[in-house]
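Only one structure is covered here, and it is reproduced in the block below.
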Amino acid sequence: AFEFLAAAAQPGDVVLASDDSANPLPAWAPVRLLNGHGPESIRGDLLRPRIACFYTAGCPEAERASLLDEFEVDFVFWGPGEQELGDWDPHLSPKLQPIFSSGDYFVFKYHPDR
């Protein structure tokens, strides 16, 4: 999934992911993330609860869209780290197009206008 993003993403594209995925991802692909290594994440203490909510089934769809729009997210990563955060399946969102899957790893392209 990291190699896929390295090929598919443009430098500076934004990816939403859990800390587990966000920390190593920039070493593989030229992307930006909302979070990552704890002390180096700007406003990480405020963003982590929002990211956890995003991956939880009970999170309002408007809150998910707000997070994606506010930070101009291009891709949503969904692997074991994200699946541990919550029970929501990104396949359910009409605004997220699955563009990669391998085992438990998925990458979705965000389409805000859908």
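All residue names refer to the structure tokens as shown: chains lettered A, B, ... in order, residues numbered from 1 in each chain, ligands numbered from 1 in order.
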request  = Tell me which protein, DNA and RNA residues are within 9 Å of Glu84 (chain A), counting only C-alpha atoms, leaving out same-chain ones fewer than 4 positions away, and put them as a ChimeraX atom specification.
outcome  = /A:55,79-80
Spatial neighbours of Leu33 (chain A), max dist 10 Å, only C-alpha atoms, sep filter under 5 positions, as a list in words =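 My reading of the contact set: Gly12, Asp13, Val14, Val15, Leu16, Ala17, Ser18, Asp19, Ser21, Ala22, Asn23, Leu25, Pro26, Ser41, Phe71, Val73 and Phe75 of chain A.
The gap separating CA of Gly58 (chain A) from CA of Arg32 (chain A) is 26.7 Å, in Å to one decimal.
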message = Let me make sure I understand: among A:Glu82, A:Asp45, A:Glu61, A:Asp87, which one has the smallest atom-to-atom distance to Val107 (chain A) if we use only C-alpha atoms?
response = A:Glu82
inquiry  = I need the residue nearest Ala9 (chain A) from this list: A:Asp74, A:Asp113, A:Asp89, A:Glu63. Use only C-alpha atoms for the distance.
reply    =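 For Ala9 (chain A), the nearest of the given residues is A:Asp74.
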